[in-house]
Structure formats: C-alpha cells, structure tokens
Amino acid sequence: MITFLIRRILILVPMALLISMLIFFAIRLSPVDPILYMVPPDAANDPANLERLRESLGLNAPLPIQYLRWLGNMVTGDFGYSISSGQRISDILALRLPATLELVGLAMLLSTTIALSLGLFAGAKPGGIADKLARTIAVIGIAVPDFFFGIALLQIFSYRLGWLPAGGRMLPGQITFLDRLPQLVLPVAALTFGMLAVLIRYTRNSVLDTMGKEFVKTARSKGVPEWKVLYGHVFRNSLGPVMVILAFRLPLLVGGSVLIETIFRWPGIGHTVVSAVSSSDYPVIMVTSMLIALMILFASFLIDVVKSILDPRVRLS
Amino acid sequence: MSSHTHNAASSLQPVPTPRQAGRQALRKPESSLHAYARSFLHNRNAMLGLTVIVLMVLAAVFAEQITGYSPTQMNPAQSRQPPSADHWLGTDQLGRDVFARVLHGARTSIYVGVAASLLETLLGTVLGAIAGYMRGPIDGILMRISEVVMTFPNLILVMIFVSLLGQGVNNVVLVFALSGWMTTFRLVRSEFMSLREETFVEATRSFGYSRPRIVFKHMLPNALSPIVVAFTINIAHYIIAEAGLSFLGLGVPVTTPTWGNLLSAAESSEVMKSYWWLWVAPALAIIIFVTGINFVGDGLRDVLDPKTRRTPVRKILRDNLLGKRVES
C-alpha cells in the first residue's frame with residue numbers, strides 16, 4: 001500500500017510540470033498581445049514605448065526562459081500581478097478564495113447530506129415515496145442545468161417576492177456570517193440542486209446493489225433489526241462509489257462555479273476567471289487554471305487511493 | 001423446479017404440423033437490428049423522448065412556415081410586448097418576435113449539439129481504437145495527452161480555445177470537440193482492449209488482414225453500442241454547454257440567435273424583473289429538448305448495452321472524471 005501511495009505521489013510531480021507548461025505556452029502563444037491591454041491607446045501609438053515596457057516586464061526573453069522564471073516565482077509564492085487591475089494575484093486569491101470556499105463548501109455539504117439520506121431511503125425501499133422523490137429530482141436535475149435553476153430562483157425569490165437579495169456577497173456593515181446569510185441562500189440553493197441529481201442516482205443504485213448482497217441476507221437471518229441492517233451494513237458498504245463522486249467535486253472548492261458566480265455576482269474564483277478571460281488578463285488566467293489543475297490532480301490521487309482501498313487489485317496493476 | 005414447470009407448459013402447446021414446422025424453419029431469423037428496434041419501440045420514455053425531439057427538429061426546419069415572422073426583423077413600435085395572439089411568445093427589446101427567434105435558435109443550438117457530439121465521437125473513436133488495439137508507446141502517449149487535457153479545467157480550456165480561435169458557430173463546435181474527446185477515447189480504448197483478445201480478432205489477424213481493416217471493419221462494429229449511447233447523451237451535454245458559454249458572452253456571436261444567446265437576456269436585472277418571456281421560452285426549449293435526448297439515450301442504453309445499467313466504480317469514473325460534470 002505504501003509503495004503504491006509513493007508511486008502515485010511521484011507521478012503527480014511530472015504531471016503538474018506538464019500541465020504548467022501546457023498552461024503557460026498555450027496562453028503565451030495566443031495571438032492576443034497583453035501589452036495592448038496595459039497601456040492607454042495614445043501611449044500605444046509609439047512602438048518605442050511598448051518596447052520599453054516589454055523589456056522592463058521581461059517579455060522579450062525567449063519563452064522557455066520566461067516559463068522557468070514564472071515557474072520559479074510560482075514555487076516561491078510570487079504569483080505576479082494582474083494586468084487589468086494591477087493588484088497582486090496573491091491578494092486577489094486571498095480575497096476571492098474564501099468566497100468560493102464558502103459558497104461551494106456549503107453547497108457540497110448540503111447536497112451530500114440530502115443526497116445520501118434520500119438515496120439511502122430510495123434504495124432501501126424501491127418504489128416508495130423516497131424513491132419517487134429521488135427519481136423525480138434526478139430526472140429534473142439532469143435536464144435543468146444549475147444555472148437555469150439559479151435564474152429561476154433569482155426571478156421568483158428576489159425579483160417577484162423580494163424576500164432575498166439578488167446577488168453580491170456582503171453589503172457594507174455585514175460582518176458576521178449571519179449577516180451574510182441572506183445573500184448565500186440563493187446561490188447555495190442553485191449549486192446544491194445542481195449537485196444533487198447525480199449523487200442521488202449513484203447512492204440509490206449503490207444501495208440497491210448492496211441490498212441484494214449475501215451478507216445483508218445473513219444479517220437479516222441473524223435477526224439484526226432492519227434499521228441496523230440499513231445503517232450498519234448496507235449504507236457503509238455502498239459508500240464507495242459515492243466517495244468517488246465526492247472526490248471529483250473537490251476541484252470545485254477552488255474553481256468555483258463560473259456560471260452560478262456570474263449569475264449571482266458572487267465575487268469568487270469562477271467570476272475572476274471569466275473576467276480575466278474576457279479582458280485577456282493572462283497572468284490571472286495562468287495562476288487560476290494552475291490552481292484548479294493542481295486540485296484536480298489531487299482529487300484524482302484521492303480517487304486512486306479510495307479505489308485501492310475498495311479493490312486491492314488496483315494496487316498491483 | 002423451474003425446469004419442471006417449463007416442461008409442463010411446453011407440453012401443453014400443440015405440436016406443429018410438418019408444414020408449420022417447415023415454414024418456421026424457412027422464416028428468416030429476426031436480425032439483431034430488428035430486435036433492438038422492437039425493444040426500443042416498447043420503451044415508453046424513449047419513444048416519448050424521440051417524439052419530442054422529432055417535433056422540435058421539424059419546428060426548427062419549418063420555422064419560416066410556422067411563425068411568419070423573421071427572427072431578425074426589428075420593429076421598435078412593438079418593443080417588449082408580452083405574449084399575445086400576434087406574437088405567441090412576445091417580442092424582445094428591439095421588437096423582434098421571440099417565438100421566431102426560439103425556432104431559429106433551435107437550428108443553431110441543435111446543430112452545435114449534434115455537430116460537436118459527432119466530431120468528438122469521431123475523434124475519440126479513432127484515437128481510442130488505435131490506442132486500444134496498438135497498445136504500447138502509442139497508447140501511452142495518447143493516454144498521457146488525454147489525462148493532461150482532462151486535468152485542465154474544462155470551462156477554462158473552452159474559454160481559452162475560444163479566445164484563440166475567435167467566436168463563431170463552427171469554432172464553438174471545434175472547441176467542444178477538442179476539449180471533450182477524452183471520454184469517448186477512454187470508452188473506446190477499453191472496449192478495444194478487451195475485444196482484441198477475442199477469438200474472431202485472432203482469426204482476422206491470422207487471415208493476414210491489414211490493421212485498419214481489422215480495427216475499423218471487424219472490431220469497430222462490435223464496440224458500437226456504447227459509442228452510440230455516448231454520442232446521444234453528449235448531444236444534450238453540448239446543447240447545455242453552448243447555453244452556458246453563450247450566457248457568458250463567449251459562445252456563438254450574439255448576432256446569431258441560439259438558445260444560449262436568447263437566454264443571456266436574463267443577465268440584465270431589468271429583463272429579470274419585468275420581461276420574463278424573454279428568457280423563459282429559450283430555457284424551456286433547452287430543458288424539453290435535453291430531457292428528450294436523455295430519455296432516448298437511456299432507452300438506447302437499456303436496449304444496446306444492458307450490462308451498464310449497474311453502476312460499478314469503473315462506470316462512475318467513466319461518467320465523471322473522464323467526464324465533463326467535474327466543472328460546470
């Protein structure tokens with residue numbers, strides 16, 4: 001097990017390097033000239049000005065050298081500056097990451113709790129009320145993307161009924177979590193809804209699969225009470241596939257949901273990425289994509305670990 | 001016990017006369033295609049989905065005949081009219097007929113969904129077949145590439161591609177295919193890995209057939225079922241993806257009506273407050289069409305690929321990491 005873990009960790013390093021290269025060269029080789037976004041148009045008329053700026057920013061060095069410099073800075077924690085706002089990228093991240101963590105973390109917590117309990121009851125009694133509810137949510141949730149749902153929520157609860165604010169994270173004077181709660185309700189609800197469908201479906205099917213196993217029959221024939229069979233035997237053994245899905249969602253914690261954050265004007269990472277892309281703010285794009293890519297790598301590592309615990313054969317291959 | 005009752009039941013059936021037996025023997029055996037079609041036709045949800053899709057495609061094709069309004073003709077005097085007998089779904093801020101725009105938008109949206117899914121399937125299938133059959137270094141390289149592309153955040157990848165290629169209907173199709181081929185690639189690769197150990201493939205090799213002939217003529221038809229299912233489901237996925245991308249203003253240029261572009265009207269809080277018909281119609285169109293596609297896809301899966309109805313970890317992996325649901 002330990003050698004397997006070490007081997008998996010060692011693979012992460014070249015993968016991360018490869019991705020950093022891909023991110024750097026894909027973005028730097030794009031035809032968009034970031035310099036033109038940095039200077040006012042009248043200054044851009046004089047090529048000598050542009051040249052001087054390029055020189056001072058180190059943009060004239062050969063790309064591989066620039067890449068190494070960038071990588072070196074990243075490793076030492078210097079992420080560089082945003083082109084469009086001039087802010088340090090580490091400051092932007094420090095401001096935006098908590099917002100995304102708050103939004104996605106709450107949605108993941110809620111959706112997991114709801115999906116696991118509903119999936120368990122649905123799988124325990126196929127055709128029952130919980131099962132019907134679970135299947136309805138699954139069908140609707142797969143056809144209705146979370147951002148439609150977000151728009152609809154906004155329309156009903158904010159514009160029609162006026163119960164909840166239409167967006168943003170905090171108003172001046174709102175300091176504690178409770179103050180901000182009204183702003184959180186709608187985006188969290190939309191995101192939770194989007195995460196529910198798939199998770200419910202897998203939990204239900206997994207529970208259904210486990211219910212048919214021999215050890216469940218054995219437990220019942222030994223006279224174990226039904227609720228104990230459900231919680232102690234079935235539920236624990238059907239968690240495996242569910243854990244895999246949850247691991248796949250970890251990257252959302254740092255990446256945020258681009259669409260939900262745009263709709264609710266939530267100042268998170270997803271929102272940052274969209275505005276960075278539309279203003280060709282390449283240093284920000286590079287750092288945020290690197291961050292998300294690293295999280296995805298970490299998630300896939302976790303999944304391998306979960307898989308190897310579930311199925312020892314994985315370790316050998 | 002069960003074999004006993006079976007015998008009893010069959011002994012009750014009348015013994016066929018020689019002529020009947022002869023006819024039965026002469027009748028062509030039912031082809032597997034027929035059997036598939038019959039079992040699909042009996043799947044209520046799948047048929048419902050198919051009907052909805054066909055109706056919507058027909059409505060898109062005959063958009064001019066159905067509405068009588070042009071999707072681009074402006075009429076400032078009729079700006080932002082609520083739905084009425086004249087304008088079934090109202091008009092937008094420039095006085096254009098929303099119903100006409102939804103129908104014309106269907107053309108582009110459905111085209112993007114189908115074309116992107118087709119291109120992705122083609123790319124993934126060819127690469128997957130090669131990797132799965134050849135194995136060795138080619139497989140290794142393709143696998144690494146697919147892993148790297150999958151690790152790259154999907155929506156960001158799409159946005160970067162778009163900013164490189166520029167916005168346009170066919171660019172969106174290309175971007176979706178380039179950033180999404182890995183699912184099909186992995187699916188086809190694992191199919192081919194197990195197929196290449198089968199006896200019939202051994203036989204074609206011993207006949208001395210060329211590799212392309214073995215791979216595409218003899219092996220591919222045997223791997224087609226999951227590919228067809230994935231193709232169908234992916235159409236729905238790309239229609240939603242187009243809507244999301246256009247909503248952000250990074251998809252199809254706003255001059256072309258698509259469901260996503262129409263929906264992006266909802267970005268303005270003014271529209272959200274007072275002009276609900278501008279975004280409800282395209283949203284409903286997407287939801288209904290996507291549900292139809294999903295029903296057909298599930299039906300196809302039940303018919304073609306009964307073993308995947310269970311959900312082993314492998315399938316979840318296929319659907320998720322590999323898949324696109326990681327980030328929305």
# chains A, B, ... in the order shown; residues from 1 in each chain; ligands from 1
$ residues_around --residues "Ala285 in chain B" --least-positions-apart "5" --cutoff "9 Å" --atoms "only C-alpha atoms" --output "JSON list (two decimals) with C-alpha atoms, in the first residue's frame"
[["chain", "number", "residue", "atom", "x", "y", "z"],
["B", 56, "MET", "CA", -38.75, 20.13, -32.21],
["B", 102, "VAL", "CA", -36.58, 30.49, -30.42],
["B", 106, "ALA", "CA", -33.15, 25.81, -32.30],
["B", 259, "TRP", "CA", -30.98, 29.20, -27.21],
["B", 280, "VAL", "CA", -38.45, 31.52, -20.04],
["B", 290, "VAL", "CA", -32.38, 17.90, -23.36]]
$ interface_residues --of "chain A" --to "chain B" --cutoff "6 Å" --atoms "only C-alpha atoms" --output "ChimeraX atom specification"
/A:30,143-144,155,159,241,293,296
$ write_last_selection --atoms "N, CA and C atoms" --output "PDB file, in the first residue's frame"
ATOM      1  N   SER A  30      -0.856  32.501 -27.607  1.00  0.00           N
ATOM      2  CA  SER A  30      -2.081  33.001 -28.220  1.00  0.00           C
ATOM      3  C   SER A  30      -1.791  34.361 -28.864  1.00  0.00           C
ATOM      4  N   ALA A 143     -31.776  17.383 -16.534  1.00  0.00           N
ATOM      5  CA  ALA A 143     -32.198  18.169 -17.693  1.00  0.00           C
ATOM      6  C   ALA A 143     -32.091  19.668 -17.442  1.00  0.00           C
ATOM      7  N   VAL A 144     -32.232  20.091 -16.198  1.00  0.00           N
ATOM      8  CA  VAL A 144     -32.197  21.520 -15.897  1.00  0.00           C
ATOM      9  C   VAL A 144     -30.820  21.873 -15.355  1.00  0.00           C
ATOM     10  N   GLN A 155     -35.381  35.009 -10.117  1.00  0.00           N
ATOM     11  CA  GLN A 155     -36.612  35.604 -10.592  1.00  0.00           C
ATOM     12  C   GLN A 155     -37.703  35.548  -9.527  1.00  0.00           C
ATOM     13  N   TYR A 159     -36.756  38.918  -7.416  1.00  0.00           N
ATOM     14  CA  TYR A 159     -37.453  39.970  -8.156  1.00  0.00           C
ATOM     15  C   TYR A 159     -38.954  39.966  -7.912  1.00  0.00           C
ATOM     16  N   PRO A 241     -18.699   3.981  -4.196  1.00  0.00           N
ATOM     17  CA  PRO A 241     -18.908   4.756  -5.432  1.00  0.00           C
ATOM     18  C   PRO A 241     -19.243   6.211  -5.136  1.00  0.00           C
ATOM     19  N   ALA A 293      -6.072  23.043 -11.725  1.00  0.00           N
ATOM     20  CA  ALA A 293      -5.471  21.822 -12.247  1.00  0.00           C
ATOM     21  C   ALA A 293      -4.804  21.031 -11.123  1.00  0.00           C
ATOM     22  N   ILE A 296      -7.409  19.269  -9.253  1.00  0.00           N
ATOM     23  CA  ILE A 296      -7.927  18.107  -9.977  1.00  0.00           C
ATOM     24  C   ILE A 296      -6.942  16.941  -9.855  1.00  0.00           C
TER      25      ILE A 296
END
$ closest_residue --among "B:Val126, B:Leu41, B:Leu103, B:Val98" --to "Leu58 in chain B" --atoms "only C-alpha atoms"
B:Leu103
$ residues_around --residues "range 87-103 of chain A" --least-positions-apart "6" --cutoff "10 Å" --atoms "only C-alpha atoms" --output "JSON, numbers by chain"
{"A": [77, 78, 79, 80, 81, 169, 184, 185, 187, 188, 189, 191, 192, 252, 253, 254, 255, 256, 257, 260, 261, 266, 267, 268, 269, 270, 271, 272, 283, 284, 287, 288]}
$ atom_distance --atom1 "CA of Ile130 in chain B" --atom2 "CA of Arg189 in chain B"
7.8 Å
$ select_by_dssp --residues "range 106-275 of chain A" --states "helix (DSSP H, G or I)" --output "PyMOL selection string"
chain A and resi 106-124+129-143+146-160+177-211+214-221+226-237+239-255+258-263+269-275
$ residues_around --residues "range 118-126 of chain A" --least-positions-apart "5" --cutoff "8 Å" --atoms "only C-alpha atoms" --output "PyMOL selection string"
chain A and resi 131-132+134+200-208+211+230+235
$ write_last_selection --atoms "N, CA and C atoms" --output "mmCIF file, in the first residue's frame"
data_model
loop_
_atom_site.group_PDB
_atom_site.id
_atom_site.type_symbol
_atom_site.label_atom_id
_atom_site.label_comp_id
_atom_site.auth_asym_id
_atom_site.auth_seq_id
_atom_site.Cartn_x
_atom_site.Cartn_y
_atom_site.Cartn_z
ATOM 1 N N ASP A 131 -38.222 6.976 -2.992
ATOM 2 C CA ASP A 131 -37.697 6.591 -4.301
ATOM 3 C C ASP A 131 -38.303 7.457 -5.393
ATOM 4 N N LYS A 132 -39.614 7.688 -5.309
ATOM 5 C CA LYS A 132 -40.260 8.523 -6.328
ATOM 6 C C LYS A 132 -39.680 9.927 -6.312
ATOM 7 N N ALA A 134 -36.747 10.813 -5.197
ATOM 8 C CA ALA A 134 -35.357 10.754 -5.660
ATOM 9 C C ALA A 134 -35.305 10.705 -7.182
ATOM 10 N N ILE A 200 -27.626 11.543 -5.995
ATOM 11 C CA ILE A 200 -28.780 10.744 -5.578
ATOM 12 C C ILE A 200 -28.849 9.468 -6.399
ATOM 13 N N ARG A 201 -28.644 9.621 -7.710
ATOM 14 C CA ARG A 201 -28.749 8.472 -8.590
ATOM 15 C C ARG A 201 -27.738 7.400 -8.208
ATOM 16 N N TYR A 202 -26.499 7.817 -7.990
ATOM 17 C CA TYR A 202 -25.477 6.826 -7.670
ATOM 18 C C TYR A 202 -25.694 6.216 -6.297
ATOM 19 N N THR A 203 -26.092 7.043 -5.307
ATOM 20 C CA THR A 203 -26.326 6.490 -3.977
ATOM 21 C C THR A 203 -27.444 5.460 -4.035
ATOM 22 N N ARG A 204 -28.525 5.815 -4.702
ATOM 23 C CA ARG A 204 -29.668 4.913 -4.778
ATOM 24 C C ARG A 204 -29.260 3.588 -5.407
ATOM 25 N N ASN A 205 -28.593 3.655 -6.570
ATOM 26 C CA ASN A 205 -28.217 2.428 -7.255
ATOM 27 C C ASN A 205 -27.223 1.614 -6.455
ATOM 28 N N SER A 206 -26.327 2.319 -5.778
ATOM 29 C CA SER A 206 -25.327 1.611 -4.993
ATOM 30 C C SER A 206 -25.983 0.893 -3.813
ATOM 31 N N VAL A 207 -26.921 1.595 -3.154
ATOM 32 C CA VAL A 207 -27.641 0.968 -2.040
ATOM 33 C C VAL A 207 -28.437 -0.226 -2.541
ATOM 34 N N LEU A 208 -29.061 -0.048 -3.691
ATOM 35 C CA LEU A 208 -29.865 -1.121 -4.285
ATOM 36 C C LEU A 208 -29.004 -2.346 -4.559
ATOM 37 N N MET A 211 -28.099 -4.045 -1.273
ATOM 38 C CA MET A 211 -29.224 -4.738 -0.651
ATOM 39 C C MET A 211 -29.334 -6.179 -1.140
ATOM 40 N N LEU A 230 -29.761 -1.482 7.696
ATOM 41 C CA LEU A 230 -29.635 -0.364 6.756
ATOM 42 C C LEU A 230 -28.410 0.492 7.054
ATOM 43 N N PHE A 235 -25.497 0.769 4.274
ATOM 44 C CA PHE A 235 -25.037 2.126 3.988
ATOM 45 C C PHE A 235 -23.517 2.188 3.903
#
$ closest_residue --among "B:Ile227, B:Val158, B:Val61, B:Leu278" --to "Gly95 in chain B" --atoms "only C-alpha atoms"
B:Leu278
$ closest_residue --among "B:Phe62, B:Ile239, B:Ala46, B:Arg196" --to "Pro145 in chain A" --atoms "only C-alpha atoms"
B:Ile239
$ atom_distance --atom1 "CA of Gln73 in chain B" --atom2 "CA of Ile263 in chain A"
29.3 Å
$ residues_around --residues "Asn75 in chain B" --least-positions-apart "6" --cutoff "10 Å" --atoms "only C-alpha atoms" --output "PyMOL selection string"
chain B and resi 91-97
